Amino acid sequence: EKELKKMISTGVADFDLLEFLWKYEQAEFLVDLMKQTTLLCDWKFNDDDKLSYFIPSLLSQSQNELDHAQVKREIDGNTCVFQFEFLPVGVFDRLVCLCVGYSAKLRDSDLPNLPGPIMQYKDSCTVWLGDNDEIRLFLDEGKKQIQLIVGSNKEIARHSLTVISSMLLKLKQDVIGTGIRWRINFIKHITDSENIVLTYDEAVKEMLDPWFGADDPLGGDNEEHESAHIDIDSYLLRLQEL
């Protein structure tokens with residue numbers, strides 16, 4: 001009962017619990033199926049060595065406008081907006097799965113002290129792509145947006161933009177379907193109370209800090225994806241090379 005409550009409140013489930021809930025029938029197959037369809041990911045942030053998984057769809061949405069506004073107020077930094085024409089249910093959950101899985105791979109390889117992701121509600125997630133490389137993802141269903149928020153570190157801003165763009169492309173080709181499309185925009189801070197929206201091309205032209213510099217920017221958001229249709233573990237390892 002304790003483990004069941006933990007799973008519902010945190011989205012983290014031990015393999016033993018999943019095996020029990022599935023009545024010990026093909027548990028390993030079901031876990032792998034859910035992993036390949038980005039419905040769950042490895043969770044490597046326990047204090048013990050229990051085999052655990054993260055299932056973001058178990059978490060609740062911000063319960064009311066006050067909760068939603070509080071989550072949004074806590075998000076501050078440089079913002080990249082993935083603006084969708086149509087945003088199907090489950091895209092954000094799957095993106096979070098890939099991000100948490102990628103962070104778990106980093107922790108499992110050469111960053112053993114990497115902090116665990118923070119996801120109080122299913123529309124906001126904080127994840128680390130390095131010891132001090134915190135990024136935030138925020139879902140705005142009403143505006144059909146997924147926002148990526150980073151600090152001023154140029155390296156992590158460019159890496160996270162490349163990684164999130166790659167993940168969305170993989171989801172598009174492997175899971176969601178080619179009908180989904182999006183534009184990448186950026187919020188440029190003019191003053192403390194004034195912001196403007198730049199298109200991807202405008203941000204590249206301006207070399208908008210911290211996203212772009214004099215070096216070549218990443219490609220557009222609808223390029224062919226070289227990592228489509230490879231298994232999730234191999235794909236997450238490949239992301240470290242970006």
# chains A, B, ... in the order shown; residues from 1 in each chain; ligands from 1
>>> select_by_dssp(residues="segment 30-143 of chain A", states="helix (DSSP H, G or I)", output="PyMOL selection string")
chain A and resi 30-36+56-58+65-73+91-109
>>> residues_around(residues="Ile164 of chain A", least_positions_apart="2", cutoff="10 Å", atoms="only C-alpha atoms", output="list in words")
Phe82, Leu95, Val96, Leu98, Cys99, Leu137, Leu148, His159, Ser160, Leu161, Thr162, Ser166, Met167, Leu168, Leu169 and Lys170 of chain A
>>> write_last_selection(atoms="N, CA, C and O atoms", output="PDB file, in the first residue's frame")
ATOM      1  N   PHE A  82       7.992  26.146 -28.222  1.00  0.00           N
ATOM      2  CA  PHE A  82       7.612  25.244 -29.300  1.00  0.00           C
ATOM      3  C   PHE A  82       6.109  25.418 -29.505  1.00  0.00           C
ATOM      4  O   PHE A  82       5.311  24.952 -28.686  1.00  0.00           O
ATOM      5  N   LEU A  95       7.613  13.649 -23.858  1.00  0.00           N
ATOM      6  CA  LEU A  95       8.826  14.468 -23.884  1.00  0.00           C
ATOM      7  C   LEU A  95       9.517  14.434 -22.526  1.00  0.00           C
ATOM      8  O   LEU A  95      10.749  14.304 -22.440  1.00  0.00           O
ATOM      9  N   VAL A  96       8.750  14.541 -21.462  1.00  0.00           N
ATOM     10  CA  VAL A  96       9.307  14.457 -20.111  1.00  0.00           C
ATOM     11  C   VAL A  96       9.965  13.097 -19.892  1.00  0.00           C
ATOM     12  O   VAL A  96      11.047  13.004 -19.302  1.00  0.00           O
ATOM     13  N   LEU A  98      11.434  11.212 -22.077  1.00  0.00           N
ATOM     14  CA  LEU A  98      12.727  11.216 -22.750  1.00  0.00           C
ATOM     15  C   LEU A  98      13.743  12.053 -21.978  1.00  0.00           C
ATOM     16  O   LEU A  98      14.907  11.668 -21.850  1.00  0.00           O
ATOM     17  N   CYS A  99      13.310  13.211 -21.456  1.00  0.00           N
ATOM     18  CA  CYS A  99      14.227  14.071 -20.698  1.00  0.00           C
ATOM     19  C   CYS A  99      14.708  13.396 -19.421  1.00  0.00           C
ATOM     20  O   CYS A  99      15.905  13.420 -19.105  1.00  0.00           O
ATOM     21  N   LEU A 137      10.765  22.582 -18.291  1.00  0.00           N
ATOM     22  CA  LEU A 137       9.780  22.428 -19.351  1.00  0.00           C
ATOM     23  C   LEU A 137       8.415  22.775 -18.776  1.00  0.00           C
ATOM     24  O   LEU A 137       8.077  22.378 -17.653  1.00  0.00           O
ATOM     25  N   LEU A 148      10.545  25.807 -23.134  1.00  0.00           N
ATOM     26  CA  LEU A 148      11.834  25.394 -22.580  1.00  0.00           C
ATOM     27  C   LEU A 148      12.480  26.612 -21.951  1.00  0.00           C
ATOM     28  O   LEU A 148      12.675  27.623 -22.632  1.00  0.00           O
ATOM     29  N   HIS A 159      22.716  23.185 -26.005  1.00  0.00           N
ATOM     30  CA  HIS A 159      22.582  21.731 -25.925  1.00  0.00           C
ATOM     31  C   HIS A 159      21.131  21.334 -25.658  1.00  0.00           C
ATOM     32  O   HIS A 159      20.600  20.407 -26.305  1.00  0.00           O
ATOM     33  N   SER A 160      20.470  22.018 -24.738  1.00  0.00           N
ATOM     34  CA  SER A 160      19.091  21.662 -24.407  1.00  0.00           C
ATOM     35  C   SER A 160      18.157  21.938 -25.585  1.00  0.00           C
ATOM     36  O   SER A 160      17.226  21.155 -25.831  1.00  0.00           O
ATOM     37  N   LEU A 161      18.390  23.007 -26.336  1.00  0.00           N
ATOM     38  CA  LEU A 161      17.579  23.285 -27.519  1.00  0.00           C
ATOM     39  C   LEU A 161      17.752  22.179 -28.558  1.00  0.00           C
ATOM     40  O   LEU A 161      16.787  21.705 -29.164  1.00  0.00           O
ATOM     41  N   THR A 162      18.993  21.742 -28.764  1.00  0.00           N
ATOM     42  CA  THR A 162      19.265  20.652 -29.698  1.00  0.00           C
ATOM     43  C   THR A 162      18.603  19.359 -29.232  1.00  0.00           C
ATOM     44  O   THR A 162      17.972  18.644 -30.021  1.00  0.00           O
ATOM     45  N   SER A 166      15.476  17.409 -30.980  1.00  0.00           N
ATOM     46  CA  SER A 166      15.693  16.038 -31.409  1.00  0.00           C
ATOM     47  C   SER A 166      14.624  15.110 -30.832  1.00  0.00           C
ATOM     48  O   SER A 166      14.088  14.239 -31.532  1.00  0.00           O
ATOM     49  N   MET A 167      14.304  15.298 -29.557  1.00  0.00           N
ATOM     50  CA  MET A 167      13.308  14.448 -28.916  1.00  0.00           C
ATOM     51  C   MET A 167      11.939  14.602 -29.558  1.00  0.00           C
ATOM     52  O   MET A 167      11.214  13.618 -29.783  1.00  0.00           O
ATOM     53  N   LEU A 168      11.544  15.829 -29.862  1.00  0.00           N
ATOM     54  CA  LEU A 168      10.246  16.046 -30.497  1.00  0.00           C
ATOM     55  C   LEU A 168      10.195  15.405 -31.880  1.00  0.00           C
ATOM     56  O   LEU A 168       9.174  14.839 -32.284  1.00  0.00           O
ATOM     57  N   LEU A 169      11.295  15.482 -32.605  1.00  0.00           N
ATOM     58  CA  LEU A 169      11.354  14.842 -33.915  1.00  0.00           C
ATOM     59  C   LEU A 169      11.239  13.318 -33.793  1.00  0.00           C
ATOM     60  O   LEU A 169      10.564  12.671 -34.596  1.00  0.00           O
ATOM     61  N   LYS A 170      11.891  12.760 -32.784  1.00  0.00           N
ATOM     62  CA  LYS A 170      11.798  11.304 -32.584  1.00  0.00           C
ATOM     63  C   LYS A 170      10.366  10.907 -32.244  1.00  0.00           C
ATOM     64  O   LYS A 170       9.847   9.912 -32.777  1.00  0.00           O
TER      65      LYS A 170
END
>>> atom_distance(atom1="atom CA of Thr191 of chain A", atom2="atom CA of Glu206 of chain A")
17.3 Å
>>> select_by_dssp(residues="segment 24-236 of chain A", states="strand (DSSP E)", output="PyMOL selection string")
chain A and resi 41-43+52-54+78-84+124-128+134-140+145-150+182-191+194-199
>>> closest_residue(among="A:Thr79, A:Gln173, A:Ser60, A:Ser9", to="Val150 of chain A", atoms="only C-alpha atoms")
A:Thr79
>>> residues_around(residues="Asp131 of chain A", least_positions_apart="6", cutoff="9 Å", atoms="only C-alpha atoms", output="NGL selection string")
:A and (111 or 113-115)
>>> atom_distance(atom1="atom CA of Gln145 of chain A", atom2="atom CA of Thr10 of chain A")
24.1 Å
>>> residues_around(residues="Leu171 of chain A", least_positions_apart="3", cutoff="10 Å", atoms="only C-alpha atoms", output="list in words")
Thr37, Thr38, Val91, Arg94, Leu95, Leu98, Ser166, Met167, Leu168, Asp174, Val175, Ile176, Gly177, Thr178, Ile180, Ala228 and His229 of chain A
>>> closest_residue(among="A:Ile156, A:Ala104, A:Val81, A:Leu87", to="Ile187 of chain A", atoms="only C-alpha atoms")
A:Val81
>>> closest_residue(among="A:Asp47, A:Leu239, A:Pro56, A:Ser234", to="Met34 of chain A", atoms="only C-alpha atoms")
A:Pro56
>>> closest_residue(among="A:Leu139, A:Ile184, A:Val89, A:Leu208", to="Lys154 of chain A", atoms="only C-alpha atoms")
A:Leu208
>>> closest_residue(among="A:Asp192, A:Glu141, A:Asp93, A:Asp16", to="Met119 of chain A", atoms="only C-alpha atoms")
A:Asp93
>>> closest_residue(among="A:Lys44, A:Arg181, A:Lys122, A:Lys143", to="Gly11 of chain A", atoms="only C-alpha atoms")
A:Lys122
>>> atom_distance(atom1="atom CA of Leu39 of chain A", atom2="atom CA of Asn185 of chain A")
27.2 Å
>>> residues_around(residues="Asn46 of chain A", least_positions_apart="6", cutoff="10 Å", atoms="only C-alpha atoms", output="list of chain:residue names")
A:Val12, A:Ser52, A:Gly116
>>> write_last_selection(atoms="N, CA, C and O atoms", output="compact mmCIF listing (two decimals), in the first residue's frame")
# COMPACT_ATOMS: atom_id res chain seq x y z
N VAL A 12 6.72 7.53 -9.57
CA VAL A 12 7.84 6.57 -9.53
C VAL A 12 7.33 5.22 -9.02
O VAL A 12 6.71 5.15 -7.95
N SER A 52 13.56 0.90 -10.71
CA SER A 52 12.38 1.76 -10.67
C SER A 52 12.17 2.47 -12.01
O SER A 52 13.10 2.63 -12.80
N GLY A 116 17.88 14.54 -8.94
CA GLY A 116 16.72 13.95 -9.57
C GLY A 116 15.76 15.00 -10.10
O GLY A 116 15.70 16.12 -9.57
